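Presented below is the structure to which this report refers.
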Amino acid sequence: VQLQASGGGLVQAGGSLRLSCAASGRRFSINFMRWYRQAPGKQRELVAAITSGGSTNYADSVKGRFTISRDSAKNTVYLQMNSLKPEDTAVYYCNAGGFTTIFQNLWGQGTQVTVSS
């Protein structure tokens, strides 16, 4: 099973981007999907998470601006990012935990988000 992230780019402050992360490969029963980000010189931080039941949680810094959602049929998670700020600039990583025959904790490749002031 692999995770493929897409949707990053360069946007002006106040703009929007939508990130996508799709799980492909073997049948994968997802328990949770998360988005993390890592800015230069900083530790990776959890941005948003969604469970198989649809429960969500967000970092305080993105509440009210970012929305995580999922399409279970496509094994895909989205991160809609609105009102972007320069401090949102980072490499964004998707993470998923779930089962094939065993539990797997998977990471996608990062996607760069750059917000200009």
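Ligands are numbered from 1 in the order shown, chains are lettered A, B, ... in the order of the structure tokens, and residues start at 1 in each chain.
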
Margin query: Quick one: residues within 12 Å of range 62-74 of chain A, only C-alpha atoms, excluding same-chain residues fewer than 6 positions away - as a PyMOL selection string?
Written below: chain A and resi 14-25+27-37+45-56+80-85+87-88+94+96

Contacts of Val113 in chain A at 8 Å or less, counting only C-alpha atoms, minus same-chain residues fewer than 2 places along, as a short mmCIF file (atom, residue, chain, number, x, y, z; two decimals) with all heavy atoms, in the first residue's frame?
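Everything below was put into selection_4.cif:
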data_model
loop_
_atom_site.label_atom_id
_atom_site.label_comp_id
_atom_site.auth_asym_id
_atom_site.auth_seq_id
_atom_site.Cartn_x
_atom_site.Cartn_y
_atom_site.Cartn_z
N GLY A 8 0.00 20.60 -3.45
CA GLY A 8 0.75 21.72 -2.92
C GLY A 8 1.04 22.75 -3.99
O GLY A 8 0.77 22.56 -5.18
N GLY A 9 1.62 23.86 -3.56
CA GLY A 9 1.97 24.90 -4.51
C GLY A 9 2.27 26.21 -3.84
O GLY A 9 2.43 26.28 -2.61
N LEU A 10 2.32 27.25 -4.65
CA LEU A 10 2.60 28.61 -4.18
C LEU A 10 1.31 29.42 -4.25
O LEU A 10 0.62 29.42 -5.28
CB LEU A 10 3.67 29.25 -5.05
CG LEU A 10 3.97 30.73 -4.82
CD1 LEU A 10 4.53 30.94 -3.42
CD2 LEU A 10 4.94 31.23 -5.89
N VAL A 11 0.98 30.09 -3.16
CA VAL A 11 -0.24 30.88 -3.10
C VAL A 11 0.02 32.13 -2.28
O VAL A 11 0.89 32.14 -1.39
CB VAL A 11 -1.39 30.04 -2.51
CG1 VAL A 11 -1.12 29.67 -1.06
CG2 VAL A 11 -2.73 30.73 -2.66
N ASP A 88 1.93 29.22 7.42
CA ASP A 88 1.49 27.90 7.01
C ASP A 88 2.48 27.26 6.03
O ASP A 88 2.32 26.09 5.66
CB ASP A 88 0.12 27.97 6.33
CG ASP A 88 -0.98 28.41 7.28
OD1 ASP A 88 -0.99 27.92 8.43
OD2 ASP A 88 -1.84 29.22 6.86
N THR A 89 3.47 28.01 5.61
CA THR A 89 4.47 27.48 4.69
C THR A 89 5.21 26.31 5.32
O THR A 89 5.75 26.43 6.43
CB THR A 89 5.47 28.58 4.31
OG1 THR A 89 4.77 29.60 3.57
CG2 THR A 89 6.60 28.02 3.45
N ALA A 90 5.22 25.19 4.62
CA ALA A 90 5.83 23.96 5.16
C ALA A 90 5.71 22.87 4.10
O ALA A 90 5.00 23.02 3.10
CB ALA A 90 5.12 23.52 6.44
N VAL A 91 6.38 21.78 4.38
CA VAL A 91 6.13 20.55 3.63
C VAL A 91 5.05 19.79 4.38
O VAL A 91 5.16 19.57 5.60
CB VAL A 91 7.40 19.69 3.50
CG1 VAL A 91 7.08 18.40 2.75
CG2 VAL A 91 8.49 20.47 2.78
N TYR A 92 3.99 19.43 3.68
CA TYR A 92 2.85 18.74 4.27
C TYR A 92 2.94 17.25 3.93
O TYR A 92 3.17 16.88 2.77
CB TYR A 92 1.55 19.33 3.76
CG TYR A 92 1.23 20.67 4.38
CD1 TYR A 92 1.99 21.79 4.10
CD2 TYR A 92 0.19 20.79 5.30
CE1 TYR A 92 1.71 23.01 4.70
CE2 TYR A 92 -0.11 22.01 5.90
CZ TYR A 92 0.66 23.12 5.59
OH TYR A 92 0.39 24.33 6.19
N THR A 111 4.46 17.25 0.27
CA THR A 111 4.10 18.20 -0.77
C THR A 111 4.31 19.61 -0.22
O THR A 111 3.86 19.92 0.88
CB THR A 111 2.67 17.98 -1.28
OG1 THR A 111 2.41 18.85 -2.39
CG2 THR A 111 1.61 18.18 -0.20
N VAL A 115 3.33 29.98 1.13
CA VAL A 115 2.39 31.10 1.18
C VAL A 115 3.20 32.39 1.22
O VAL A 115 3.97 32.62 2.15
CB VAL A 115 1.47 31.00 2.41
CG1 VAL A 115 0.43 32.13 2.37
CG2 VAL A 115 0.79 29.65 2.46
#

Counting only C-alpha atoms, what is within 8 Å of Trp107 in chain A, bar same-chain residues fewer than 2 positions away, as a PDB file with all heavy atoms, in the first residue's frame?
ATOM      1  N   GLN A   2       0.513   2.199  -0.803  1.00  0.00           N
ATOM      2  CA  GLN A   2       1.266   3.448  -0.866  1.00  0.00           C
ATOM      3  C   GLN A   2       0.311   4.624  -0.699  1.00  0.00           C
ATOM      4  O   GLN A   2      -0.864   4.545  -1.041  1.00  0.00           O
ATOM      5  CB  GLN A   2       1.978   3.579  -2.212  1.00  0.00           C
ATOM      6  CG  GLN A   2       3.099   2.574  -2.421  1.00  0.00           C
ATOM      7  CD  GLN A   2       3.807   2.795  -3.743  1.00  0.00           C
ATOM      8  OE1 GLN A   2       3.189   3.197  -4.721  1.00  0.00           O
ATOM      9  NE2 GLN A   2       5.111   2.557  -3.764  1.00  0.00           N
ATOM     10  N   LEU A   3       0.866   5.723  -0.163  1.00  0.00           N
ATOM     11  CA  LEU A   3       0.123   6.971  -0.083  1.00  0.00           C
ATOM     12  C   LEU A   3       0.727   7.948  -1.073  1.00  0.00           C
ATOM     13  O   LEU A   3       1.946   8.111  -1.124  1.00  0.00           O
ATOM     14  CB  LEU A   3       0.199   7.572   1.322  1.00  0.00           C
ATOM     15  CG  LEU A   3      -0.379   6.755   2.464  1.00  0.00           C
ATOM     16  CD1 LEU A   3      -0.261   7.529   3.766  1.00  0.00           C
ATOM     17  CD2 LEU A   3      -1.831   6.394   2.192  1.00  0.00           C
ATOM     18  N   TYR A  93       2.729  16.433   4.950  1.00  0.00           N
ATOM     19  CA  TYR A  93       2.818  14.979   4.805  1.00  0.00           C
ATOM     20  C   TYR A  93       1.484  14.349   5.208  1.00  0.00           C
ATOM     21  O   TYR A  93       0.898  14.721   6.228  1.00  0.00           O
ATOM     22  CB  TYR A  93       3.904  14.400   5.701  1.00  0.00           C
ATOM     23  CG  TYR A  93       5.300  14.893   5.411  1.00  0.00           C
ATOM     24  CD1 TYR A  93       5.806  16.022   6.036  1.00  0.00           C
ATOM     25  CD2 TYR A  93       6.121  14.203   4.515  1.00  0.00           C
ATOM     26  CE1 TYR A  93       7.096  16.467   5.771  1.00  0.00           C
ATOM     27  CE2 TYR A  93       7.408  14.636   4.247  1.00  0.00           C
ATOM     28  CZ  TYR A  93       7.888  15.777   4.880  1.00  0.00           C
ATOM     29  OH  TYR A  93       9.161  16.208   4.615  1.00  0.00           O
ATOM     30  N   CYS A  94       1.052  13.362   4.437  1.00  0.00           N
ATOM     31  CA  CYS A  94      -0.106  12.594   4.878  1.00  0.00           C
ATOM     32  C   CYS A  94       0.365  11.307   5.537  1.00  0.00           C
ATOM     33  O   CYS A  94       1.427  10.770   5.228  1.00  0.00           O
ATOM     34  CB  CYS A  94      -1.070  12.309   3.741  1.00  0.00           C
ATOM     35  SG  CYS A  94      -0.399  11.361   2.375  1.00  0.00           S
ATOM     36  N   ASN A  95      -0.458  10.838   6.444  1.00  0.00           N
ATOM     37  CA  ASN A  95      -0.159   9.660   7.258  1.00  0.00           C
ATOM     38  C   ASN A  95      -1.445   8.881   7.410  1.00  0.00           C
ATOM     39  O   ASN A  95      -2.509   9.477   7.647  1.00  0.00           O
ATOM     40  CB  ASN A  95       0.395  10.126   8.613  1.00  0.00           C
ATOM     41  CG  ASN A  95       0.408   9.053   9.661  1.00  0.00           C
ATOM     42  OD1 ASN A  95      -0.225   9.197  10.708  1.00  0.00           O
ATOM     43  ND2 ASN A  95       1.123   7.964   9.423  1.00  0.00           N
ATOM     44  N   ALA A  96      -1.373   7.573   7.268  1.00  0.00           N
ATOM     45  CA  ALA A  96      -2.573   6.751   7.417  1.00  0.00           C
ATOM     46  C   ALA A  96      -2.234   5.498   8.192  1.00  0.00           C
ATOM     47  O   ALA A  96      -1.170   4.892   7.990  1.00  0.00           O
ATOM     48  CB  ALA A  96      -3.141   6.384   6.052  1.00  0.00           C
ATOM     49  N   ASN A 105       1.337   1.599   9.426  1.00  0.00           N
ATOM     50  CA  ASN A 105       1.343   3.050   9.596  1.00  0.00           C
ATOM     51  C   ASN A 105       2.155   3.616   8.432  1.00  0.00           C
ATOM     52  O   ASN A 105       3.367   3.413   8.355  1.00  0.00           O
ATOM     53  CB  ASN A 105       1.983   3.424  10.932  1.00  0.00           C
ATOM     54  CG  ASN A 105       1.840   4.896  11.241  1.00  0.00           C
ATOM     55  OD1 ASN A 105       0.850   5.520  10.886  1.00  0.00           O
ATOM     56  ND2 ASN A 105       2.832   5.472  11.895  1.00  0.00           N
ATOM     57  N   GLN A 109       4.746  10.894   0.448  1.00  0.00           N
ATOM     58  CA  GLN A 109       5.817  11.848   0.212  1.00  0.00           C
ATOM     59  C   GLN A 109       5.298  13.235   0.538  1.00  0.00           C
ATOM     60  O   GLN A 109       4.113  13.476   0.518  1.00  0.00           O
ATOM     61  CB  GLN A 109       6.299  11.766  -1.247  1.00  0.00           C
ATOM     62  CG  GLN A 109       5.569  12.655  -2.235  1.00  0.00           C
ATOM     63  CD  GLN A 109       4.169  12.218  -2.571  1.00  0.00           C
ATOM     64  OE1 GLN A 109       3.630  11.283  -2.002  1.00  0.00           O
ATOM     65  NE2 GLN A 109       3.549  12.926  -3.497  1.00  0.00           N
TER      66      GLN A 109
END

Checklist line | Nearest candidate to Ala13 in chain A (options A:Leu106, A:Thr101, A:Pro86, A:Ala39; using only C-alpha atoms) | finding: A:Pro86
